[in-house]
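J.: One file: start.pdb (PDB, C-alpha atoms and all ligand atoms).
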```
ATOM      1  CA  MET K 280     -35.766 -10.032 -32.577
ATOM      2  CA  ILE K 281     -36.786  -7.239 -34.961
ATOM      3  CA  THR K 282     -39.124  -8.597 -37.619
ATOM      4  CA  GLY K 283     -41.308  -7.180 -40.362
ATOM      5  CA  LYS K 284     -44.064  -6.717 -37.768
ATOM      6  CA  THR K 285     -42.015  -4.855 -35.155
ATOM      7  CA  LEU K 286     -43.568  -1.515 -34.150
ATOM      8  CA  LEU K 287     -41.441   1.552 -33.619
ATOM      9  CA  VAL K 288     -41.436   4.164 -30.851
ATOM     10  CA  GLY K 289     -38.618   6.475 -29.834
ATOM     11  CA  ILE K 290     -37.385   9.809 -28.596
ATOM     12  CA  ILE K 291     -36.424  12.993 -30.420
ATOM     13  CA  GLY K 292     -34.110  15.580 -28.886
ATOM     14  CA  ASP K 293     -30.918  17.544 -29.288
ATOM     15  CA  PRO K 294     -28.841  16.156 -27.666
ATOM     16  CA  VAL K 295     -30.461  12.768 -27.230
ATOM     17  CA  GLU K 296     -27.581  10.385 -26.661
ATOM     18  CA  HIS K 297     -27.682  10.712 -22.847
ATOM     19  CA  SER K 298     -31.368   9.814 -22.637
ATOM     20  CA  LEU K 299     -32.208   7.179 -20.028
ATOM     21  CA  SER K 300     -35.475   6.275 -21.753
ATOM     22  CA  PRO K 301     -34.368   3.768 -24.446
ATOM     23  CA  PRO K 302     -33.111   1.093 -22.012
ATOM     24  CA  MET K 303     -36.179   1.452 -19.754
ATOM     25  CA  HIS K 304     -38.710   1.059 -22.563
ATOM     26  CA  ASN K 305     -36.809  -1.678 -24.361
ATOM     27  CA  ALA K 306     -36.438  -3.647 -21.110
ATOM     28  CA  ALA K 307     -40.214  -3.453 -20.613
ATOM     29  CA  PHE K 308     -40.985  -4.479 -24.222
ATOM     30  CA  LYS K 309     -38.688  -7.476 -23.786
ATOM     31  CA  HIS K 310     -40.148  -8.415 -20.410
ATOM     32  CA  LEU K 311     -43.710  -8.180 -21.713
ATOM     33  CA  GLU K 312     -42.779  -9.926 -24.992
ATOM     34  CA  MET K 313     -44.192  -6.998 -26.947
ATOM     35  CA  ASP K 314     -42.963  -6.628 -30.521
ATOM     36  CA  TYR K 315     -41.819  -3.004 -30.216
ATOM     37  CA  VAL K 316     -38.478  -1.231 -30.294
ATOM     38  CA  TYR K 317     -37.611   2.194 -28.791
ATOM     39  CA  VAL K 318     -34.975   4.176 -30.673
ATOM     40  CA  PRO K 319     -33.264   7.553 -29.985
ATOM     41  CA  PHE K 320     -33.360  10.030 -32.886
ATOM     42  CA  HIS K 321     -31.155  13.089 -32.919
ATOM     43  CA  VAL K 322     -33.290  15.881 -34.397
ATOM     44  CA  SER K 323     -32.085  19.481 -34.662
ATOM     45  CA  GLY K 324     -34.514  22.392 -34.353
ATOM     46  CA  GLU K 325     -34.518  23.152 -38.064
ATOM     47  CA  ASN K 326     -35.559  19.548 -38.833
ATOM     48  CA  LEU K 327     -38.293  19.258 -36.226
ATOM     49  CA  GLU K 328     -41.255  19.683 -38.590
ATOM     50  CA  LYS K 329     -39.764  17.249 -41.094
ATOM     51  CA  ALA K 330     -39.081  14.765 -38.304
ATOM     52  CA  ILE K 331     -42.756  14.781 -37.275
ATOM     53  CA  GLN K 332     -43.850  14.405 -40.915
ATOM     54  CA  GLY K 333     -41.336  11.583 -41.296
ATOM     55  CA  ALA K 334     -42.607   9.859 -38.161
ATOM     56  CA  ARG K 335     -46.128   9.942 -39.612
ATOM     57  CA  SER K 336     -44.902   8.540 -42.943
ATOM     58  CA  LEU K 337     -42.909   5.790 -41.260
ATOM     59  CA  GLU K 338     -45.934   4.909 -39.122
ATOM     60  CA  ILE K 339     -43.966   5.359 -35.938
ATOM     61  CA  ARG K 340     -46.420   4.643 -33.087
ATOM     62  CA  GLY K 341     -45.134   7.093 -30.525
ATOM     63  CA  LEU K 342     -42.382   9.513 -29.623
ATOM     64  CA  ASN K 343     -40.999  11.078 -26.515
ATOM     65  CA  VAL K 344     -39.912  14.651 -27.023
ATOM     66  CA  THR K 345     -37.073  16.137 -25.038
ATOM     67  CA  ILE K 346     -35.014  19.314 -24.873
ATOM     68  CA  PRO K 347     -35.216  21.635 -26.798
ATOM     69  CA  HIS K 348     -38.356  20.587 -28.686
ATOM     70  CA  LYS K 349     -41.068  20.224 -26.025
ATOM     71  CA  THR K 350     -42.773  23.523 -26.852
ATOM     72  CA  ALA K 351     -41.678  23.950 -30.465
ATOM     73  CA  VAL K 352     -43.285  20.633 -31.477
ATOM     74  CA  ILE K 353     -46.837  21.723 -30.581
ATOM     75  CA  PRO K 354     -47.701  23.454 -33.908
ATOM     76  CA  TYR K 355     -46.951  20.214 -35.781
ATOM     77  CA  LEU K 356     -49.489  18.154 -33.822
ATOM     78  CA  ASP K 357     -53.197  17.672 -34.588
ATOM     79  CA  GLU K 358     -54.356  17.601 -31.004
ATOM     80  CA  VAL K 359     -52.904  18.389 -27.575
ATOM     81  CA  ASP K 360     -54.162  16.987 -24.275
ATOM     82  CA  PRO K 361     -55.588  19.752 -21.980
ATOM     83  CA  ALA K 362     -52.855  19.449 -19.307
ATOM     84  CA  ALA K 363     -50.078  19.583 -21.927
ATOM     85  CA  GLN K 364     -51.865  22.571 -23.466
ATOM     86  CA  LEU K 365     -51.852  24.374 -20.124
ATOM     87  CA  ILE K 366     -48.205  23.531 -19.467
ATOM     88  CA  GLY K 367     -47.352  24.559 -23.011
ATOM     89  CA  ALA K 368     -45.044  21.583 -23.481
ATOM     90  CA  VAL K 369     -45.372  18.082 -24.900
ATOM     91  CA  ASN K 370     -43.066  15.204 -23.972
ATOM     92  CA  THR K 371     -45.112  12.374 -25.501
ATOM     93  CA  ILE K 372     -46.742  12.022 -28.921
ATOM     94  CA  LYS K 373     -49.114   9.249 -29.884
ATOM     95  CA  PHE K 374     -49.597   8.635 -33.601
ATOM     96  CA  ASN K 375     -52.939   7.102 -34.361
ATOM     97  CA  GLU K 376     -54.020   6.457 -37.946
ATOM     98  CA  ASP K 377     -53.293   9.888 -39.396
ATOM     99  CA  LYS K 378     -53.459  11.865 -36.127
ATOM    100  CA  ALA K 379     -50.648  13.030 -33.860
ATOM    101  CA  LYS K 380     -51.736  13.830 -30.289
ATOM    102  CA  GLY K 381     -49.446  15.426 -27.695
ATOM    103  CA  PHE K 382     -49.351  14.733 -23.948
ATOM    104  CA  ASN K 383     -47.185  15.833 -21.039
ATOM    105  CA  THR K 384     -46.286  13.029 -18.646
ATOM    106  CA  ASP K 385     -43.554  14.976 -16.783
ATOM    107  CA  GLY K 386     -45.981  16.649 -14.382
ATOM    108  CA  LEU K 387     -48.109  13.502 -14.113
ATOM    109  CA  GLY K 388     -45.078  11.365 -13.246
ATOM    110  CA  ALA K 389     -43.820  13.822 -10.674
ATOM    111  CA  VAL K 390     -47.174  14.177  -8.915
ATOM    112  CA  LYS K 391     -47.791  10.426  -8.932
ATOM    113  CA  ALA K 392     -44.381   9.914  -7.286
ATOM    114  CA  LEU K 393     -45.164  12.579  -4.694
ATOM    115  CA  GLU K 394     -48.608  11.151  -3.973
ATOM    116  CA  GLU K 395     -47.021   7.865  -2.932
ATOM    117  CA  ILE K 396     -45.413   9.789  -0.075
ATOM    118  CA  THR K 397     -48.139  12.309   0.739
ATOM    119  CA  PRO K 398     -51.536  13.390  -0.560
ATOM    120  CA  VAL K 399     -51.174  16.740  -2.324
ATOM    121  CA  LYS K 400     -54.788  17.894  -2.065
ATOM    122  CA  ASP K 401     -55.096  21.178  -0.127
ATOM    123  CA  LYS K 402     -51.372  21.143   0.688
ATOM    124  CA  LYS K 403     -49.077  24.167   0.659
ATOM    125  CA  VAL K 404     -46.276  23.592  -1.831
ATOM    126  CA  LEU K 405     -43.100  25.580  -2.451
ATOM    127  CA  ILE K 406     -41.344  25.019  -5.769
ATOM    128  CA  MET K 407     -37.767  26.217  -6.221
ATOM    129  CA  GLY K 408     -37.035  27.094  -9.854
ATOM    130  CA  ALA K 409     -39.189  28.495 -12.635
ATOM    131  CA  GLY K 410     -38.010  26.559 -15.714
ATOM    132  CA  GLY K 411     -39.718  23.841 -17.730
ATOM    133  CA  ALA K 412     -39.811  21.275 -14.929
ATOM    134  CA  ALA K 413     -41.242  23.794 -12.445
ATOM    135  CA  ARG K 414     -43.933  24.700 -14.959
ATOM    136  CA  ALA K 415     -45.051  21.117 -15.567
ATOM    137  CA  LEU K 416     -45.105  20.416 -11.837
ATOM    138  CA  ALA K 417     -46.918  23.613 -10.914
ATOM    139  CA  PHE K 418     -49.777  23.066 -13.382
ATOM    140  CA  GLN K 419     -50.168  19.381 -12.546
ATOM    141  CA  LEU K 420     -50.121  20.040  -8.787
ATOM    142  CA  ILE K 421     -52.834  22.666  -9.186
ATOM    143  CA  LEU K 422     -54.898  20.272 -11.343
ATOM    144  CA  ASN K 423     -54.511  17.736  -8.510
ATOM    145  CA  GLY K 424     -55.966  20.185  -5.996
ATOM    146  CA  ILE K 425     -53.141  21.711  -3.942
ATOM    147  CA  GLY K 426     -54.209  24.570  -1.667
ATOM    148  CA  ASP K 427     -51.320  27.040  -1.999
ATOM    149  CA  LEU K 428     -48.282  27.433  -4.193
ATOM    150  CA  VAL K 429     -45.149  29.526  -3.782
ATOM    151  CA  ILE K 430     -42.699  29.714  -6.691
ATOM    152  CA  ALA K 431     -39.216  30.778  -5.575
ATOM    153  CA  ASN K 432     -36.567  31.443  -8.172
ATOM    154  CA  ARG K 433     -33.039  32.890  -8.292
ATOM    155  CA  THR K 434     -34.353  35.314 -10.914
ATOM    156  CA  PRO K 435     -37.595  36.424  -9.211
ATOM    157  CA  GLU K 436     -38.975  37.928 -12.462
ATOM    158  CA  LYS K 437     -39.223  34.442 -13.940
ATOM    159  CA  ALA K 438     -41.172  33.226 -10.917
ATOM    160  CA  VAL K 439     -43.519  36.191 -11.346
ATOM    161  CA  GLN K 440     -43.942  35.372 -15.051
ATOM    162  CA  LEU K 441     -44.866  31.753 -14.303
ATOM    163  CA  ALA K 442     -47.252  32.819 -11.530
ATOM    164  CA  LEU K 443     -48.969  35.298 -13.865
ATOM    165  CA  ASP K 444     -49.279  32.691 -16.594
ATOM    166  CA  ILE K 445     -50.874  30.249 -14.144
ATOM    167  CA  GLN K 446     -53.219  32.958 -12.904
ATOM    168  CA  SER K 447     -54.307  33.781 -16.467
ATOM    169  CA  LYS K 448     -55.177  30.143 -17.217
ATOM    170  CA  LEU K 449     -56.533  28.745 -13.942
ATOM    171  CA  GLU K 450     -58.452  30.113 -10.986
ATOM    172  CA  PHE K 451     -55.356  29.989  -8.834
ATOM    173  CA  SER K 452     -52.907  32.666  -7.673
ATOM    174  CA  PRO K 453     -49.434  31.436  -6.789
ATOM    175  CA  GLU K 454     -47.063  33.615  -4.812
ATOM    176  CA  ALA K 455     -43.730  34.414  -6.485
ATOM    177  CA  THR K 456     -40.504  35.219  -4.602
ATOM    178  CA  GLY K 457     -36.731  35.102  -4.728
ATOM    179  CA  LEU K 458     -34.797  32.231  -3.147
ATOM    180  CA  GLY K 459     -33.586  34.446  -0.307
ATOM    181  CA  GLU K 460     -37.144  34.950   0.970
ATOM    182  CA  VAL K 461     -38.049  31.284   1.343
ATOM    183  CA  GLU K 462     -39.913  30.630   4.608
ATOM    184  CA  LEU K 463     -41.093  27.087   5.216
ATOM    185  CA  SER K 464     -42.890  27.029   8.573
ATOM    186  CA  SER K 465     -46.342  26.654   6.973
ATOM    187  CA  THR K 466     -45.143  24.680   3.901
ATOM    188  CA  ASP K 467     -46.056  20.983   3.565
ATOM    189  CA  ILE K 468     -44.060  20.088   0.459
ATOM    190  CA  LEU K 469     -40.774  21.564  -0.810
ATOM    191  CA  ILE K 470     -39.744  20.713  -4.381
ATOM    192  CA  ASN K 471     -36.399  21.525  -5.973
ATOM    193  CA  THR K 472     -36.535  21.802  -9.768
ATOM    194  CA  THR K 473     -33.268  23.734 -10.123
ATOM    195  CA  SER K 474     -30.040  22.089 -11.199
ATOM    196  CA  VAL K 475     -28.322  22.999  -7.909
ATOM    197  CA  GLY K 476     -26.620  19.853  -6.544
ATOM    198  CA  MET K 477     -26.849  17.909  -9.796
ATOM    199  CA  TYR K 478     -23.895  15.887 -11.108
ATOM    200  CA  PRO K 479     -21.146  17.022 -11.706
ATOM    201  CA  HIS K 480     -21.887  19.782  -9.145
ATOM    202  CA  GLN K 481     -23.073  17.475  -6.359
ATOM    203  CA  ASP K 482     -20.902  19.320  -3.794
ATOM    204  CA  GLN K 483     -22.714  22.623  -4.369
ATOM    205  CA  PRO K 484     -24.297  23.890  -1.132
ATOM    206  CA  PRO K 485     -28.069  23.253  -1.119
ATOM    207  CA  LEU K 486     -30.449  26.180  -1.589
ATOM    208  CA  ILE K 487     -32.158  25.398   1.731
ATOM    209  CA  ARG K 488     -30.569  24.204   4.988
ATOM    210  CA  GLY K 489     -31.987  21.820   7.562
ATOM    211  CA  GLN K 490     -32.489  24.689  10.062
ATOM    212  CA  GLN K 491     -35.015  26.227   7.659
ATOM    213  CA  MET K 492     -36.996  22.957   7.390
ATOM    214  CA  HIS K 493     -39.303  21.170   9.843
ATOM    215  CA  PRO K 494     -39.808  17.418  10.411
ATOM    216  CA  GLU K 495     -43.348  17.388   8.919
ATOM    217  CA  LEU K 496     -42.039  18.720   5.601
ATOM    218  CA  VAL K 497     -41.823  16.449   2.544
ATOM    219  CA  VAL K 498     -38.740  17.359   0.497
ATOM    220  CA  ASN K 499     -38.693  16.324  -3.145
ATOM    221  CA  ASP K 500     -35.599  16.918  -5.270
ATOM    222  CA  ILE K 501     -36.288  16.060  -8.902
ATOM    223  CA  ILE K 502     -32.559  15.393  -9.425
ATOM    224  CA  TYR K 503     -31.743  11.651  -9.776
ATOM    225  CA  ASN K 504     -27.971  11.938 -10.151
ATOM    226  CA  PRO K 505     -26.814  11.812  -7.409
ATOM    227  CA  LEU K 506     -29.653   9.815  -5.837
ATOM    228  CA  LYS K 507     -29.190  11.731  -2.575
ATOM    229  CA  THR K 508     -28.492  15.425  -3.140
ATOM    230  CA  ASN K 509     -27.211  17.739  -0.441
ATOM    231  CA  LEU K 510     -30.752  19.132  -0.156
ATOM    232  CA  LEU K 511     -32.105  15.651   0.657
ATOM    233  CA  LYS K 512     -29.258  15.080   3.135
ATOM    234  CA  GLU K 513     -30.224  18.300   4.938
ATOM    235  CA  ALA K 514     -33.862  17.149   5.009
ATOM    236  CA  GLU K 515     -32.918  13.710   6.383
ATOM    237  CA  SER K 516     -30.779  15.310   9.081
ATOM    238  CA  ILE K 517     -33.863  16.915  10.646
ATOM    239  CA  GLY K 518     -36.131  13.904  10.123
ATOM    240  CA  ALA K 519     -38.143  15.215   7.141
ATOM    241  CA  ARG K 520     -39.390  12.729   4.541
ATOM    242  CA  THR K 521     -37.539  12.806   1.226
ATOM    243  CA  LEU K 522     -38.084  11.826  -2.399
ATOM    244  CA  ASN K 523     -35.497  11.920  -5.185
ATOM    245  CA  GLY K 524     -36.110  12.223  -8.926
ATOM    246  CA  THR K 525     -36.026   8.556  -9.928
ATOM    247  CA  LYS K 526     -39.717   7.799  -9.362
ATOM    248  CA  MET K 527     -40.702  10.878 -11.382
ATOM    249  CA  LEU K 528     -38.526   9.661 -14.230
ATOM    250  CA  LEU K 529     -39.909   6.131 -13.991
ATOM    251  CA  TYR K 530     -43.533   7.226 -13.830
ATOM    252  CA  GLN K 531     -43.307   9.718 -16.707
ATOM    253  CA  GLY K 532     -41.854   6.924 -18.839
ATOM    254  CA  MET K 533     -44.407   4.363 -17.718
ATOM    255  CA  GLU K 534     -47.224   6.789 -18.522
ATOM    256  CA  SER K 535     -45.816   7.369 -22.044
ATOM    257  CA  PHE K 536     -45.599   3.591 -22.499
ATOM    258  CA  ARG K 537     -49.233   3.269 -21.428
ATOM    259  CA  ILE K 538     -50.343   6.047 -23.788
ATOM    260  CA  TRP K 539     -48.700   4.292 -26.751
ATOM    261  CA  THR K 540     -49.549   0.667 -26.006
ATOM    262  CA  GLY K 541     -52.477   0.673 -23.572
ATOM    263  CA  VAL K 542     -50.326  -1.462 -21.243
ATOM    264  CA  THR K 543     -48.871  -0.254 -17.926
ATOM    265  CA  PRO K 544     -45.395  -1.751 -17.649
ATOM    266  CA  PRO K 545     -44.191  -3.243 -14.334
ATOM    267  CA  VAL K 546     -42.381  -0.566 -12.348
ATOM    268  CA  GLU K 547     -39.678  -3.051 -11.283
ATOM    269  CA  VAL K 548     -38.608  -3.626 -14.873
ATOM    270  CA  PHE K 549     -38.317   0.100 -15.568
ATOM    271  CA  GLU K 550     -36.554   0.633 -12.240
ATOM    272  CA  ARG K 551     -34.028  -2.175 -12.664
ATOM    273  CA  SER K 552     -33.114  -0.857 -16.088
ATOM    274  CA  LEU K 553     -32.840   2.749 -14.876
ATOM    275  CA  MET K 554     -30.660   1.804 -11.919
ATOM    276  CA  ARG K 555     -28.379  -0.229 -14.157
ATOM    277  CA  THR K 556     -28.004   2.701 -16.584
ATOM    278  CA  LEU K 557     -27.466   5.204 -13.758
ATOM    279  CA  GLY K 558     -24.964   2.837 -12.149
ATOM    280  CA  ASN K 559     -23.060   2.802 -15.400
ATOM    281  CA  LYS K 560     -23.109   6.578 -15.530
ATOM    282  CA  ILE K 561     -22.143   7.483 -11.979
TER     283      ILE K 561
HETATM  284  P1  LIG N 601     -35.656  22.759 -16.396
HETATM  285  O1  LIG N 601     -36.306  22.703 -17.735
HETATM  286  O2  LIG N 601     -35.000  21.475 -15.956
HETATM  287  O3  LIG N 601     -36.556  23.297 -15.333
HETATM  288  P2  LIG N 601     -34.327  25.286 -16.888
HETATM  289  O4  LIG N 601     -35.517  25.722 -17.663
HETATM  290  O5  LIG N 601     -32.986  25.511 -17.457
HETATM  291  O6  LIG N 601     -34.390  23.730 -16.565
HETATM  292  O7  LIG N 601     -34.420  25.940 -15.436
HETATM  293  C1  LIG N 601     -33.385  25.859 -14.545
HETATM  294  C2  LIG N 601     -33.833  26.437 -13.204
HETATM  295  O8  LIG N 601     -32.745  26.259 -12.290
HETATM  296  C3  LIG N 601     -34.109  27.919 -13.260
HETATM  297  O9  LIG N 601     -35.160  28.189 -12.367
HETATM  298  C4  LIG N 601     -32.786  28.529 -12.758
HETATM  299  O10 LIG N 601     -32.910  29.791 -12.170
HETATM  300  P3  LIG N 601     -32.862  31.143 -13.071
HETATM  301  O11 LIG N 601     -34.217  31.275 -13.694
HETATM  302  O12 LIG N 601     -32.558  32.222 -12.102
HETATM  303  O13 LIG N 601     -31.767  30.940 -14.091
HETATM  304  C5  LIG N 601     -32.403  27.508 -11.715
HETATM  305  N1  LIG N 601     -30.963  27.519 -11.397
HETATM  306  C6  LIG N 601     -29.947  27.046 -12.154
HETATM  307  N2  LIG N 601     -28.755  27.224 -11.524
HETATM  308  C7  LIG N 601     -29.045  27.802 -10.330
HETATM  309  C8  LIG N 601     -28.251  28.253  -9.220
HETATM  310  N3  LIG N 601     -26.927  28.101  -9.202
HETATM  311  N4  LIG N 601     -28.885  28.795  -8.164
HETATM  312  C9  LIG N 601     -30.225  28.933  -8.156
HETATM  313  N5  LIG N 601     -31.033  28.543  -9.175
HETATM  314  C10 LIG N 601     -30.452  27.994 -10.252
END
```
In structure tokens, what does this structure look like?

T.:
Amino acid sequence: MITGKTLLVGIIGDPVEHSLSPPMHNAAFKHLEMDYVYVPFHVSGENLEKAIQGARSLEIRGLNVTIPHKTAVIPYLDEVDPAAQLIGAVNTIKFNEDKAKGFNTDGLGAVKALEEITPVKDKKVLIMGAGGAARALAFQLILNGIGDLVIANRTPEKAVQLALDIQSKLEFSPEATGLGEVELSSTDILINTTSVGMYPHQDQPPLIRGQQMHPELVVNDIIYNPLKTNLLKEAESIGARTLNGTKMLLYQGMESFRIWTGVTPPVEVFERSLMRTLGNKI
């Protein structure tokens, strides 16, 4: 029940109505009997600054930030965590007294999910795509000690841009290529951050075929709808280990929850809620 003491967290985005986060967080608050509520707020770009001011005034405790505000929100914050600063994007804000601090849990969630399958330290990773998700993953993987990184993108110039940005901020030089040049024999981990194979285009041919993979490869598709993309089917067909995007989504949300409340929610509660919502959507 919402009372006079109920604390407020939420998500801002445009659009925001398809977000999977409200049911996950609210299920955890209910399970843990915490007096919080998580609400979606539709905020357009022109209202972003006012929305952050309003959140401060309303003493909102925390916000998730989604497309298209993850970078644009940074100037309105008082402090930004070093990893989020490097990535140049914030998906979580914690309001504390009069301070707003930004974090990025996208990369953290993705790497935590991956590390359940394989250690990433000193590994050779190939990321397909060079958008926001690729960026968060690339920086976080480097912070977690990977050995080599190749960024392969349909538009190779964007891969080069991301590689140069990484090189200018960290002592690390990724290789940048087009998708046609992908060669996986010495790669340990392949990550797809492109939208290829995502609902409603789940029948799209995958960017990489089984013949190009090897059984020791770990293949991570950050897509969660469908749960098994054509890329993951190709990987399974040759006996490679696979990981879809659900754990990344769960862990980024759980980390935001922890940042706001100091409590790590049970993964099962988040997962049950996510699966129910996805089930409703598919
Ligand atoms: P996100 O923030 O989720 O990473 P994004 O910034 O829109 O999303 O990036 C989408 C990525 O998917 C890009 O790397 C894009 O490649 P381009 O930079 O060449 O546009 C990639 N992508 C989308 N559709 C693709 C397709 N049909 N084939 C190959 N790559 C595709």

J.: Could the centre and edge lengths of an axis-aligned box, enclosing all atoms of ligand LIG 601 (chain N) in the file with 3 Å extra on each side, be given in Å to one decimal as JSON?

T.:
```
{"center_x": -31.7, "center_y": 26.8, "center_z": -12.9, "size_x": 15.6, "size_y": 16.7, "size_z": 15.6}
```

J.: Taking into account all atoms listed in the file, which residue in the set K:Leu387, K:Ala409, K:Met527, K:Val498 is nearest to ligand LIG 601 (chain N)?

T.: K:Ala409

J.: Can you pull out every residue with an atom within 10 Å of ligand LIG 601 (chain N)? Use all atoms listed in the file and format it as a PDB file with C-alpha atoms, keeping the file's coordinate frame.

T.:
```pdb
ATOM      1  CA  THR K 345     -37.073  16.137 -25.038  1.00  0.00           C
ATOM      2  CA  ILE K 346     -35.014  19.314 -24.873  1.00  0.00           C
ATOM      3  CA  PRO K 347     -35.216  21.635 -26.798  1.00  0.00           C
ATOM      4  CA  LYS K 349     -41.068  20.224 -26.025  1.00  0.00           C
ATOM      5  CA  ILE K 406     -41.344  25.019  -5.769  1.00  0.00           C
ATOM      6  CA  MET K 407     -37.767  26.217  -6.221  1.00  0.00           C
ATOM      7  CA  GLY K 408     -37.035  27.094  -9.854  1.00  0.00           C
ATOM      8  CA  ALA K 409     -39.189  28.495 -12.635  1.00  0.00           C
ATOM      9  CA  GLY K 410     -38.010  26.559 -15.714  1.00  0.00           C
ATOM     10  CA  GLY K 411     -39.718  23.841 -17.730  1.00  0.00           C
ATOM     11  CA  ALA K 412     -39.811  21.275 -14.929  1.00  0.00           C
ATOM     12  CA  ALA K 413     -41.242  23.794 -12.445  1.00  0.00           C
ATOM     13  CA  ARG K 414     -43.933  24.700 -14.959  1.00  0.00           C
ATOM     14  CA  ALA K 415     -45.051  21.117 -15.567  1.00  0.00           C
ATOM     15  CA  LEU K 416     -45.105  20.416 -11.837  1.00  0.00           C
ATOM     16  CA  ILE K 430     -42.699  29.714  -6.691  1.00  0.00           C
ATOM     17  CA  ALA K 431     -39.216  30.778  -5.575  1.00  0.00           C
ATOM     18  CA  ASN K 432     -36.567  31.443  -8.172  1.00  0.00           C
ATOM     19  CA  ARG K 433     -33.039  32.890  -8.292  1.00  0.00           C
ATOM     20  CA  THR K 434     -34.353  35.314 -10.914  1.00  0.00           C
ATOM     21  CA  PRO K 435     -37.595  36.424  -9.211  1.00  0.00           C
ATOM     22  CA  GLU K 436     -38.975  37.928 -12.462  1.00  0.00           C
ATOM     23  CA  LYS K 437     -39.223  34.442 -13.940  1.00  0.00           C
ATOM     24  CA  ALA K 438     -41.172  33.226 -10.917  1.00  0.00           C
ATOM     25  CA  GLY K 457     -36.731  35.102  -4.728  1.00  0.00           C
ATOM     26  CA  LEU K 458     -34.797  32.231  -3.147  1.00  0.00           C
ATOM     27  CA  ASN K 471     -36.399  21.525  -5.973  1.00  0.00           C
ATOM     28  CA  THR K 472     -36.535  21.802  -9.768  1.00  0.00           C
ATOM     29  CA  THR K 473     -33.268  23.734 -10.123  1.00  0.00           C
ATOM     30  CA  SER K 474     -30.040  22.089 -11.199  1.00  0.00           C
ATOM     31  CA  VAL K 475     -28.322  22.999  -7.909  1.00  0.00           C
ATOM     32  CA  GLY K 476     -26.620  19.853  -6.544  1.00  0.00           C
ATOM     33  CA  MET K 477     -26.849  17.909  -9.796  1.00  0.00           C
ATOM     34  CA  HIS K 480     -21.887  19.782  -9.145  1.00  0.00           C
ATOM     35  CA  GLN K 483     -22.714  22.623  -4.369  1.00  0.00           C
ATOM     36  CA  PRO K 484     -24.297  23.890  -1.132  1.00  0.00           C
ATOM     37  CA  PRO K 485     -28.069  23.253  -1.119  1.00  0.00           C
ATOM     38  CA  LEU K 486     -30.449  26.180  -1.589  1.00  0.00           C
ATOM     39  CA  ILE K 501     -36.288  16.060  -8.902  1.00  0.00           C
ATOM     40  CA  ILE K 502     -32.559  15.393  -9.425  1.00  0.00           C
TER      41      ILE K 502
END
```

J.: Restricting the calculation to only C-alpha atoms: of K:Leu422, K:Leu469, K:Ala307, K:Val322, which residue gets closest to Glu547 in chain K?

T.: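 Nearest candidate to Glu547 in chain K out of K:Leu422, K:Leu469, K:Ala307, K:Val322: K:Ala307.
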
J.: Applied to this file, what does the PyMOL selection byres (((chain K and resi 320) around 9) and not hetatm) return in terms of residues, put as a PDB file with C-alpha atoms, in the coordinates of the input?

T.:
```pdb
ATOM      1  CA  GLY K 289     -38.618   6.475 -29.834  1.00  0.00           C
ATOM      2  CA  ILE K 290     -37.385   9.809 -28.596  1.00  0.00           C
ATOM      3  CA  ILE K 291     -36.424  12.993 -30.420  1.00  0.00           C
ATOM      4  CA  GLY K 292     -34.110  15.580 -28.886  1.00  0.00           C
ATOM      5  CA  ASP K 293     -30.918  17.544 -29.288  1.00  0.00           C
ATOM      6  CA  VAL K 295     -30.461  12.768 -27.230  1.00  0.00           C
ATOM      7  CA  GLU K 296     -27.581  10.385 -26.661  1.00  0.00           C
ATOM      8  CA  VAL K 318     -34.975   4.176 -30.673  1.00  0.00           C
ATOM      9  CA  PRO K 319     -33.264   7.553 -29.985  1.00  0.00           C
ATOM     10  CA  HIS K 321     -31.155  13.089 -32.919  1.00  0.00           C
ATOM     11  CA  VAL K 322     -33.290  15.881 -34.397  1.00  0.00           C
TER      12      VAL K 322
END
```

J.: One decimal, Å: what's the distance from CA of Gly324 in chain K over to CA of Arg340 in chain K, could you say?

T.: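 CA of Arg340 in chain K lies at a distance of 21.4 Å from CA of Gly324 in chain K.
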
J.: Starting from the PyMOL selection byres (((chain K and resi 420) around 9) and not hetatm), expand the selection into actual residues of this file and give them as a list in words.

T.: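 So the PyMOL selection byres (((chain K and resi 420) around 9) and not hetatm) ends up selecting Gly386, Leu387, Val390, Val399, Lys400, Val404, Ala415, Leu416, Ala417, Phe418, Gln419, Ile421, Leu422, Asn423, Gly424, Ile425 and Leu428 of chain K.
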
J.: Go through K:Val429, K:Ala519, K:Leu342, K:Ala392 and flag the residue nearest Phe451 in chain K, using all atoms listed in the file for the distances.

T.: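 Smallest distance to Phe451 in chain K is found for K:Val429.
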
J.: Would you mind reading off the distance between CA of Ala363 in chain K and CA of Phe382 in chain K, one decimal, in Å?

T.: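 One can read the CA of Ala363 in chain K to CA of Phe382 in chain K distance as 5.3 Å.
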
J.: Between CA of Leu405 in chain K and CA of Thr384 in chain K, measure the distance and give it in Å to one decimal.

T.: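 Atom-to-atom, CA of Leu405 in chain K to CA of Thr384 in chain K, that is 20.7 Å.
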
J.: So, counting all atoms listed in the file, which residue among K:Ile487, K:Ile445, K:Met533, K:Leu496 is closest to Ser465 in chain K?

T.: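 Of the candidates, the smallest distance to Ser465 in chain K is held by K:Leu496.
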